[in-house]
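Structure below is entry-v6.csv: CSV, C-alpha atoms.
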chain,number,residue,atom,x,y,z
A,1,MET,CA,30.6,-1.5,-15.3
A,2,THR,CA,27.6,-3.3,-13.8
A,3,LEU,CA,25.7,0.0,-13.5
A,4,VAL,CA,26.3,0.8,-17.1
A,5,TYR,CA,25.2,-2.7,-18.1
A,6,LEU,CA,21.9,-2.4,-16.1
A,7,ARG,CA,21.1,1.2,-17.0
A,8,LYS,CA,22.0,1.1,-20.7
A,9,GLY,CA,21.7,-2.6,-21.6
A,10,GLU,CA,25.0,-2.6,-23.5
A,11,THR,CA,26.5,-5.9,-24.6
A,12,TYR,CA,29.4,-7.5,-22.9
A,13,ALA,CA,31.6,-6.8,-25.9
A,14,GLU,CA,30.7,-3.1,-25.8
A,15,LEU,CA,31.4,-3.0,-22.0
A,16,GLY,CA,34.7,-4.8,-22.4
A,17,ALA,CA,35.8,-2.3,-25.1
A,18,GLY,CA,34.7,0.6,-23.0
A,19,PHE,CA,36.4,-0.6,-19.8
A,20,ALA,CA,39.4,-2.0,-21.5
A,21,VAL,CA,38.8,-5.6,-20.4
A,22,SER,CA,38.0,-8.8,-22.4
A,23,THR,CA,34.4,-9.7,-23.2
A,24,THR,CA,34.8,-12.8,-20.9
A,25,THR,CA,36.1,-10.7,-18.1
A,26,ALA,CA,33.2,-8.2,-18.5
A,27,TRP,CA,30.7,-11.2,-18.4
A,28,ARG,CA,32.3,-12.5,-15.2
A,29,TYR,CA,32.5,-9.2,-13.4
A,30,ILE,CA,28.9,-8.3,-14.2
A,31,ASN,CA,27.4,-11.7,-13.4
A,32,GLU,CA,29.2,-11.9,-10.1
A,33,THR,CA,28.2,-8.3,-9.1
A,34,VAL,CA,24.5,-8.9,-10.1
A,35,ASP,CA,24.4,-12.0,-7.9
A,36,VAL,CA,25.9,-10.0,-5.0
A,37,LEU,CA,23.3,-7.2,-5.5
A,38,ALA,CA,20.4,-9.6,-5.9
A,39,ALA,CA,21.1,-11.5,-2.7
A,40,PRO,CA,19.9,-8.8,-0.2
A,41,ALA,CA,16.7,-8.0,-2.2
A,42,PRO,CA,13.6,-8.3,0.0
A,43,LYS,CA,12.2,-11.8,0.3
A,44,LEU,CA,8.4,-12.2,0.0
A,45,GLY,CA,7.7,-12.9,3.7
A,46,ALA,CA,9.9,-10.0,4.9
A,47,ALA,CA,8.4,-7.6,2.4
A,48,LEU,CA,4.8,-8.4,3.4
A,49,ALA,CA,5.6,-8.3,7.1
A,50,LYS,CA,7.1,-4.8,6.6
A,51,ALA,CA,4.0,-3.7,4.7
A,52,VAL,CA,1.8,-4.8,7.6
A,53,LYS,CA,4.1,-3.1,10.1
A,54,ASP,CA,4.1,0.1,8.1
A,55,GLY,CA,0.3,0.2,8.1
A,56,LEU,CA,-0.2,0.1,4.4
A,57,PRO,CA,-4.0,0.1,3.7
A,58,TYR,CA,-3.7,-2.2,0.7
A,59,LEU,CA,-1.2,-3.8,-1.8
A,60,LEU,CA,-1.0,-3.9,-5.5
A,61,LEU,CA,-0.2,-7.1,-7.4
A,62,ASP,CA,0.8,-7.2,-11.1
A,63,GLY,CA,2.8,-9.1,-13.6
A,64,THR,CA,5.3,-7.8,-16.1
A,65,LEU,CA,6.9,-9.4,-19.1
A,66,VAL,CA,10.7,-9.0,-19.7
A,67,SER,CA,11.2,-9.4,-23.4
A,68,ILE,CA,13.8,-11.8,-24.7
A,69,ASP,CA,15.5,-12.4,-28.0
A,70,ARG,CA,13.9,-15.7,-28.8
A,71,VAL,CA,12.5,-17.0,-32.1
A,72,ALA,CA,9.0,-18.1,-32.9
A,73,ALA,CA,10.0,-21.8,-32.3
A,74,ASP,CA,10.5,-21.1,-28.6
A,75,ARG,CA,6.8,-21.4,-27.8
A,76,PRO,CA,7.1,-21.8,-24.0
A,77,TYR,CA,8.5,-18.3,-23.8
A,78,TYR,CA,5.7,-16.8,-25.8
A,79,SER,CA,3.1,-14.7,-24.0
A,80,GLY,CA,-0.3,-14.6,-25.7
A,81,LYS,CA,-1.3,-11.6,-23.5
A,82,HIS,CA,1.7,-9.5,-24.6
A,83,ARG,CA,2.2,-11.2,-28.0
A,84,ARG,CA,5.9,-11.6,-27.7
A,85,HIS,CA,8.5,-13.8,-26.1
A,86,GLY,CA,9.6,-13.1,-22.6
A,87,MET,CA,9.9,-14.0,-18.9
A,88,ASN,CA,7.0,-13.5,-16.5
A,89,LEU,CA,7.9,-11.6,-13.3
A,90,GLN,CA,5.4,-11.0,-10.5
A,91,VAL,CA,5.5,-7.6,-8.7
A,92,ILE,CA,4.0,-6.4,-5.4
A,93,ALA,CA,3.9,-2.7,-4.8
A,94,ALA,CA,2.7,-0.2,-2.2
A,95,PRO,CA,-0.3,2.1,-2.9
A,96,ASP,CA,2.1,4.8,-4.0
A,97,GLY,CA,3.7,2.5,-6.5
A,98,SER,CA,6.9,1.8,-4.5
A,99,LEU,CA,8.3,-1.6,-5.4
A,100,LEU,CA,8.0,-4.0,-2.4
A,101,TRP,CA,8.9,-7.3,-3.9
A,102,VAL,CA,9.7,-8.9,-7.3
A,103,SER,CA,9.6,-12.6,-8.0
A,104,GLY,CA,12.0,-14.9,-9.9
A,105,PRO,CA,11.3,-15.6,-13.6
A,106,LEU,CA,8.9,-18.0,-15.3
A,107,ARG,CA,8.4,-18.5,-19.0
A,108,GLY,CA,6.2,-16.0,-20.7
A,109,SER,CA,3.5,-18.6,-21.5
A,110,VAL,CA,2.7,-18.9,-17.8
A,111,HIS,CA,-0.5,-17.0,-16.9
A,112,ASP,CA,-0.2,-14.3,-14.2
A,113,LEU,CA,-2.5,-16.1,-11.7
A,114,ALA,CA,-0.6,-19.4,-12.2
A,115,ALA,CA,2.7,-17.6,-11.7
A,116,ALA,CA,1.4,-15.9,-8.5
A,117,ARG,CA,0.4,-19.4,-7.2
A,118,ILE,CA,3.7,-21.0,-8.1
A,119,TRP,CA,5.6,-18.4,-6.1
A,120,GLY,CA,3.2,-18.7,-3.1
A,121,VAL,CA,2.1,-15.1,-3.5
A,122,VAL,CA,-1.7,-15.7,-3.3
A,123,ARG,CA,-1.3,-17.6,0.0
A,124,ALA,CA,1.2,-15.1,1.4
A,125,LEU,CA,-1.0,-12.1,0.6
A,126,ALA,CA,-4.0,-13.8,2.2
A,127,ALA,CA,-2.0,-14.2,5.4
A,128,THR,CA,-1.4,-10.5,5.7
A,129,GLY,CA,-5.1,-9.7,6.0
A,130,LEU,CA,-4.6,-6.7,3.7
A,131,PRO,CA,-6.8,-6.2,0.6
A,132,VAL,CA,-5.0,-6.6,-2.7
A,133,LEU,CA,-5.8,-4.9,-6.0
A,134,ALA,CA,-5.0,-6.7,-9.2
A,135,ASP,CA,-6.1,-6.7,-12.8
A,136,LYS,CA,-8.5,-9.2,-14.5
A,137,ALA,CA,-5.7,-11.8,-15.0
A,138,TYR,CA,-6.0,-12.6,-11.2
A,139,GLN,CA,-9.7,-13.3,-11.1
A,140,GLY,CA,-10.4,-16.4,-9.1
A,141,ALA,CA,-7.4,-15.9,-6.8
A,142,GLY,CA,-9.5,-15.5,-3.7
A,143,PRO,CA,-11.7,-12.9,-1.9
A,144,HIS,CA,-8.7,-11.0,-0.7
A,145,ILE,CA,-7.5,-10.2,-4.2
A,146,LEU,CA,-9.9,-7.6,-5.7
A,147,THR,CA,-10.2,-7.5,-9.5
A,148,PRO,CA,-12.4,-5.5,-11.9
A,149,TYR,CA,-15.8,-6.7,-13.0
A,150,LYS,CA,-15.8,-8.5,-16.3
A,151,GLY,CA,-18.2,-8.4,-19.3
A,152,ARG,CA,-19.9,-6.0,-21.5
A,153,ASP,CA,-23.0,-3.9,-20.7
A,154,LYS,CA,-22.2,-3.8,-17.0
A,155,PRO,CA,-24.6,-1.9,-14.8
A,156,GLU,CA,-23.5,1.6,-13.8
A,157,PRO,CA,-22.5,0.6,-10.2
A,158,GLN,CA,-20.0,-2.0,-11.6
A,159,LYS,CA,-18.6,0.6,-14.0
A,160,ASP,CA,-18.1,3.0,-11.2
A,161,ALA,CA,-16.4,0.3,-9.1
A,162,ASN,CA,-14.1,-0.5,-12.1
A,163,ARG,CA,-13.2,3.1,-12.5
A,164,ALA,CA,-12.4,3.5,-8.8
A,165,HIS,CA,-10.4,0.2,-8.9
A,166,ALA,CA,-8.4,1.4,-11.9
A,167,LYS,CA,-7.6,4.7,-10.2
A,168,LEU,CA,-6.3,3.0,-7.1
A,169,ARG,CA,-4.4,0.4,-9.1
A,170,GLY,CA,-2.8,2.9,-11.5
A,171,PRO,CA,0.3,3.6,-9.3
A,172,GLY,CA,1.1,-0.1,-9.4
A,173,GLU,CA,2.2,0.5,-13.0
A,174,ARG,CA,4.9,2.8,-11.6
A,175,ALA,CA,6.6,-0.2,-10.0
A,176,ASN,CA,6.9,-1.9,-13.4
A,177,ALA,CA,7.9,1.3,-15.0
A,178,GLN,CA,10.7,1.7,-12.5
A,179,LEU,CA,12.1,-1.7,-13.3
A,180,LYS,CA,11.9,-1.1,-17.1
A,181,SER,CA,13.6,2.3,-16.7
A,182,TRP,CA,16.7,0.1,-16.5
A,183,ARG,CA,17.2,-0.7,-20.1
A,184,ILE,CA,18.6,-4.2,-19.5
A,185,LEU,CA,15.0,-5.3,-18.7
A,186,ARG,CA,13.5,-3.9,-21.9
A,187,LYS,CA,14.9,-6.8,-23.9
A,188,LEU,CA,17.3,-9.4,-22.5
A,189,ARG,CA,20.1,-10.7,-24.7
A,190,CYS,CA,21.6,-12.9,-22.0
A,191,CYS,CA,20.1,-16.2,-20.6
A,192,PRO,CA,16.4,-15.4,-20.0
A,193,HIS,CA,16.5,-17.1,-16.6
A,194,ARG,CA,18.7,-14.3,-15.4
A,195,ALA,CA,15.7,-11.9,-15.6
A,196,GLY,CA,14.8,-12.5,-11.9
A,197,ARG,CA,18.3,-11.9,-10.6
A,198,LEU,CA,18.6,-8.7,-12.7
A,199,ALA,CA,15.3,-7.4,-11.4
A,200,LYS,CA,16.3,-8.2,-7.8
A,201,ALA,CA,19.6,-6.5,-8.2
A,202,ILE,CA,17.9,-3.4,-9.6
A,203,HIS,CA,15.5,-3.5,-6.7
A,204,THR,CA,18.4,-3.5,-4.2
A,205,LEU,CA,19.9,-0.5,-6.0
A,206,GLN,CA,16.6,1.4,-6.0
A,207,LEU,CA,16.2,0.8,-2.2
A,208,ARG,CA,19.7,2.1,-1.6
A,209,GLU,CA,19.0,5.2,-3.7
A,210,THR,CA,15.7,5.8,-1.8
A,211,ALA,CA,17.5,5.3,1.6
A,212,SER,CA,20.2,7.9,0.7
A,213,ARG,CA,17.7,10.7,0.0
What is this file in structure tokens?
Amino acid sequence: MTLVYLRKGETYAELGAGFAVSTTTAWRYINETVDVLAAPAPKLGAALAKAVKDGLPYLLLDGTLVSIDRVAADRPYYSGKHRRHGMNLQVIAAPDGSLLWVSGPLRGSVHDLAAARIWGVVRALAATGLPVLADKAYQGAGPHILTPYKGRDKPEPQKDANRAHAKLRGPGERANAQLKSWRILRKLRCCPHRAGRLAKAIHTLQLRETASR
């Protein structure tokens, strides 16, 4: 039931009807199972320690917005960057796009750099000694977080550097795409603050799938 919920994003009522249980029972089963799956998801410190141990040459940092069914009045949930309501999740990925860690949720109005600082990501990444590639939203995070050059009419060397940066950062989008391939994260209809638990549960399932190959 929980796998169907995460993969297809069906409502509790639809799941209850399909599995011959009440809507309340479906809600309870799914929320309890999601919490169990989310618990063993990698913690930030452990994920970064493993990245160092595995000899990764650099890391990728990005933010993703999980859309929610809020109305225009819910301004704190509105992301000006994405122009829709949602919850901000911070994601750290390996150079090949493999998901290493996903944060808890913050309201969509929170800027990516502010979110990374709230979760202690900027400081934790600095402690690894590894270079980190991120988009322009993270400019000013520190010398260890490399972002593209800003502005128009940039000199050719800066344009070349931005192209190389984008090429290396591209796989990081794969981590977000992996999360969004589970339809529940395409638009939440439950409590928006469940976004982080759902993402962590999905991460646990993805790690189990990878380990079984």
In Å to one decimal, how far is atom CA of A:Tyr138 from atom CA of A:Asp96?
20.5 Å
At what distance in Å, to one decimal, does atom CA of A:Glu32 lie from atom CA of A:Val66?
21.0 Å
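Using all atoms listed in the file, the shortest contact distance between A:Ala47 and any of A:Ala116, A:Leu65, A:Thr128, A:Asn88 is found at A:Thr128.
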Can you work out which one of A:Met1, A:Ala49, A:Ala17, A:Ile184 has the shortest atom-to-atom distance to A:Gly129, counting only C-alpha atoms?
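With only C-alpha atoms as the atom set, the closest residue is A:Ala49.
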Test item: residues at most 12 Å from A:Ile118, all atoms listed in the file, excluding those fewer than 5 positions along its chain, as a ChimeraX atom specification:
/A:88-90,103-106,110-113,123-124
Which residues are close to A:Gly18, i.e. within 12 Å by only C-alpha atoms, leaving aside same-chain residues fewer than 6 positions away? Reply as a VMD selection string.
chain A and resid 1 4 to 5 10 to 12 26
Find the residues near A:Ala114: any atom within 10 Å, counting all atoms listed in the file, skip ones fewer than 6 places away on the same chain, and give them as a list in words.
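After dropping sequence-adjacent residues, the list is Gly120, Val122, Ala137, Tyr138 and Ala141 of chain A.
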Next, dump the selected residues to file, keeping only C-alpha atoms, as a tab-separated table (two decimals), in the coordinates of the input.
chain	number	residue	atom	x	y	z
A	120	GLY	CA	3.20	-18.70	-3.10
A	122	VAL	CA	-1.70	-15.70	-3.30
A	137	ALA	CA	-5.70	-11.80	-15.00
A	138	TYR	CA	-6.00	-12.60	-11.20
A	141	ALA	CA	-7.40	-15.90	-6.80
Find the spatial neighbours of A:Cys190, counting all atoms listed in the file, within a cut-off of 9 Å - ignore same-chain residues fewer than 5 positions away - and output them as a list in words.
Thr11, Ile68, Asp69 and Ala195 of chain A
Computed interatomic separation between atom CA of A:Thr33 and atom CA of A:Gly45 (Å):
24.6 Å
Pick out the closest residue to A:Glu14 from this set: A:Leu37, A:Ala94, A:Trp27, A:Lys81. Count all atoms listed in the file.
A:Trp27
From the set A:Gly80, A:Gly196, A:Pro155, A:Gly16, which residue has the shortest atom-to-atom contact distance to A:Ala38, counting all atoms listed in the file?
A:Gly196
Of A:Ala39, A:Val21, A:Ile92, A:Ile30, the one nearest to A:Leu133 when counting all atoms listed in the file is A:Ile92
